>>> print(open('coords17.txt').read())   # compact mmCIF, C-alpha atoms
# COMPACT_ATOMS: atom_id res chain seq x y z
CA MET A 1 49.68 22.42 25.73
CA PRO A 2 47.99 20.33 28.44
CA GLY A 3 47.56 22.01 31.78
CA VAL A 4 48.84 21.10 35.21
CA SER A 5 45.87 20.10 37.38
CA HIS A 6 47.59 18.40 40.25
CA CYS A 7 50.01 20.07 42.60
CA ALA A 8 52.59 18.65 44.95
CA HIS A 9 50.59 19.90 47.91
CA VAL A 10 47.91 17.40 48.79
CA PHE A 11 44.65 18.40 50.42
CA PRO A 12 44.73 16.74 53.86
CA GLN A 13 42.69 13.54 53.96
CA GLU A 14 41.74 14.19 57.58
CA ARG A 15 40.03 17.42 56.49
CA ILE A 16 38.10 15.54 53.81
CA ASP A 17 37.05 12.90 56.35
CA HIS A 18 35.99 15.59 58.84
CA LEU A 19 33.82 17.43 56.30
CA ARG A 20 32.38 14.16 55.01
CA ALA A 21 31.35 13.19 58.57
CA ILE A 22 29.64 16.56 59.00
CA TYR A 23 27.74 16.05 55.74
CA HIS A 24 26.67 12.50 56.65
CA ARG A 25 25.08 13.66 59.92
CA ARG A 26 22.21 15.48 58.16
CA GLY A 27 23.09 15.57 54.46
CA GLU A 28 23.22 19.37 54.43
CA ILE A 29 25.78 21.31 52.39
CA ASP A 30 25.14 24.33 54.62
CA ASP A 31 26.55 22.35 57.57
CA ILE A 32 29.82 22.00 55.65
CA LEU A 33 29.86 25.71 54.80
CA HIS A 34 29.28 26.63 58.44
CA GLU A 35 32.27 24.50 59.46
CA MET A 36 34.46 25.97 56.71
CA TYR A 37 33.59 29.54 57.74
CA ALA A 38 34.34 28.78 61.40
CA ASP A 39 37.71 27.11 60.67
CA ASP A 40 40.69 29.41 60.03
CA PHE A 41 42.26 26.71 57.81
CA TRP A 42 40.00 27.99 55.01
CA TYR A 43 41.66 31.34 54.44
CA GLU A 44 39.49 31.79 51.37
CA LYS A 45 35.83 31.45 52.17
CA PRO A 46 33.60 29.28 49.97
CA VAL A 47 30.46 30.41 48.18
CA ARG A 48 27.49 28.14 47.57
CA LYS A 49 25.71 28.23 44.23
CA GLY A 50 22.93 25.66 44.22
CA ASN A 51 24.44 22.39 45.44
CA VAL A 52 28.00 23.33 44.48
CA ILE A 53 30.61 24.90 46.75
CA HIS A 54 32.89 27.28 44.86
CA MET A 55 36.35 28.19 46.11
CA ARG A 56 38.78 30.87 44.97
CA LYS A 57 42.41 31.10 45.89
CA ASN A 58 43.63 34.26 47.55
CA PRO A 59 46.60 35.92 45.85
CA PHE A 60 50.07 34.80 46.96
CA ASP A 61 50.94 38.50 47.40
CA PRO A 62 47.64 40.30 48.19
CA GLU A 63 49.26 43.74 48.45
CA GLY A 64 51.14 43.27 45.17
CA PHE A 65 47.92 42.06 43.53
CA GLU A 66 46.06 45.18 44.66
CA LYS A 67 48.86 47.49 43.45
CA ALA A 68 49.48 45.67 40.16
CA ALA A 69 49.20 47.91 37.12
CA THR A 70 49.36 45.27 34.41
CA PRO A 71 47.91 41.79 33.84
CA ALA A 72 51.45 40.36 34.08
CA GLU A 73 51.97 41.98 37.50
CA ARG A 74 48.60 40.62 38.69
CA ARG A 75 49.48 37.09 37.51
CA LYS A 76 52.81 37.20 39.31
CA ALA A 77 51.22 38.47 42.54
CA TYR A 78 48.45 35.85 42.32
CA CYS A 79 50.60 32.79 41.54
CA HIS A 80 51.46 30.40 44.41
CA CYS A 81 53.35 27.89 42.28
CA SER A 82 57.04 27.45 43.06
CA PHE A 83 57.40 25.72 39.68
CA VAL A 84 56.13 28.65 37.60
CA HIS A 85 56.48 31.73 39.82
CA PRO A 86 60.26 32.27 39.36
CA TYR A 87 59.80 32.42 35.58
CA LEU A 88 56.78 34.68 35.32
CA ASP A 89 58.98 37.69 34.51
CA THR A 90 60.60 35.89 31.60
CA ILE A 91 57.98 33.61 30.06
CA PRO A 92 54.47 35.02 30.56
CA ALA A 93 53.92 35.50 26.85
CA LYS A 94 54.94 31.88 26.19
CA LEU A 95 52.99 30.33 29.06
CA SER A 96 49.46 29.32 28.14
CA PRO A 97 46.86 30.94 30.43
CA THR A 98 45.35 27.46 30.89
CA PHE A 99 48.66 25.76 31.72
CA CYS A 100 48.32 25.87 35.47
CA PHE A 101 45.20 24.50 37.08
CA CYS A 102 46.97 23.24 40.19
CA GLY A 103 44.52 25.21 42.33
CA ALA A 104 41.74 23.08 40.88
CA GLY A 105 43.79 19.96 41.55
CA TRP A 106 44.18 20.98 45.20
CA TYR A 107 40.41 20.78 45.71
CA ARG A 108 39.78 17.88 43.33
CA ARG A 109 40.43 15.33 46.07
CA CYS A 110 37.69 16.70 48.28
CA GLY A 111 35.27 17.17 45.40
CA ARG A 112 34.93 13.45 44.68
CA GLY A 113 31.74 13.32 46.63
CA PHE A 114 30.71 13.30 50.22
>>> encode(input="coords17.txt", output="structure tokens")
Amino acid sequence: MPGVSHCAHVFPQERIDHLRAIYHRRGEIDDILHEMYADDFWYEKPVRKGNVIHMRKNPFDPEGFEKAATPAERRKAYCHCSFVHPYLDTIPAKLSPTFCFCGAGWYRRCGRGF
């Protein structure tokens, strides 16, 4: 089954333009990271590995994620998707673990190069 890699939420173009302008000043990825760490918009903080910035989504329900006793409970607490989330109690065994890559789609717009 092909996965979903684009979500209805679109990464704001003005944020992409802002980060691109920061990068073009000196061509330094660390300048972008500094801006991302200083800006509360980025509730998950990026990590740099070489010349790549890695992002990880925070769980939708952080407390539920911490208290989860099973993989199914962790998935439900982690999931942000209004399309899938309501069905996680009924279809987790049928839903491919690679079905939803909407988190990757969220950042894909800004990853097309600075």
>>> atom_distance(input="coords17.txt", atom1="atom CA of Cys81 of chain A", atom2="atom CA of Phe60 of chain A")
9.0 Å
>>> residues_around(input="coords17.txt", residues="Pro59 of chain A", least_positions_apart="3", cutoff="10 Å", atoms="all atoms listed in the file", output="list in words")
Glu44, Arg56, Pro62, Glu63, Gly64, Phe65, Glu66, Arg74, Arg75, Lys76, Ala77, Tyr78, Cys79 and His80 of chain A
>>> closest_residue(input="coords17.txt", among="A:Asp17, A:Glu73, A:Asp61, A:Asp31", to="Asp89 of chain A", atoms="only C-alpha atoms")
A:Glu73
>>> atom_distance(input="coords17.txt", atom1="atom CA of Pro12 of chain A", atom2="atom CA of Lys49 of chain A")
24.2 Å
>>> atom_distance(input="coords17.txt", atom1="atom CA of Gly50 of chain A", atom2="atom CA of Gln13 of chain A")
25.1 Å
>>> residues_around(input="coords17.txt", residues="Val52 of chain A", least_positions_apart="4", cutoff="10 Å", atoms="all atoms listed in the file", output="PyMOL selection string")
chain A and resi 29+46-48+111
>>> closest_residue(input="coords17.txt", among="A:Glu28, A:Ile16, A:Tyr87, A:Met36", to="Met55 of chain A", atoms="all atoms listed in the file")
A:Met36
>>> closest_residue(input="coords17.txt", among="A:Asn58, A:Glu35, A:Pro86, A:Thr70", to="Ile22 of chain A", atoms="only C-alpha atoms")
A:Glu35
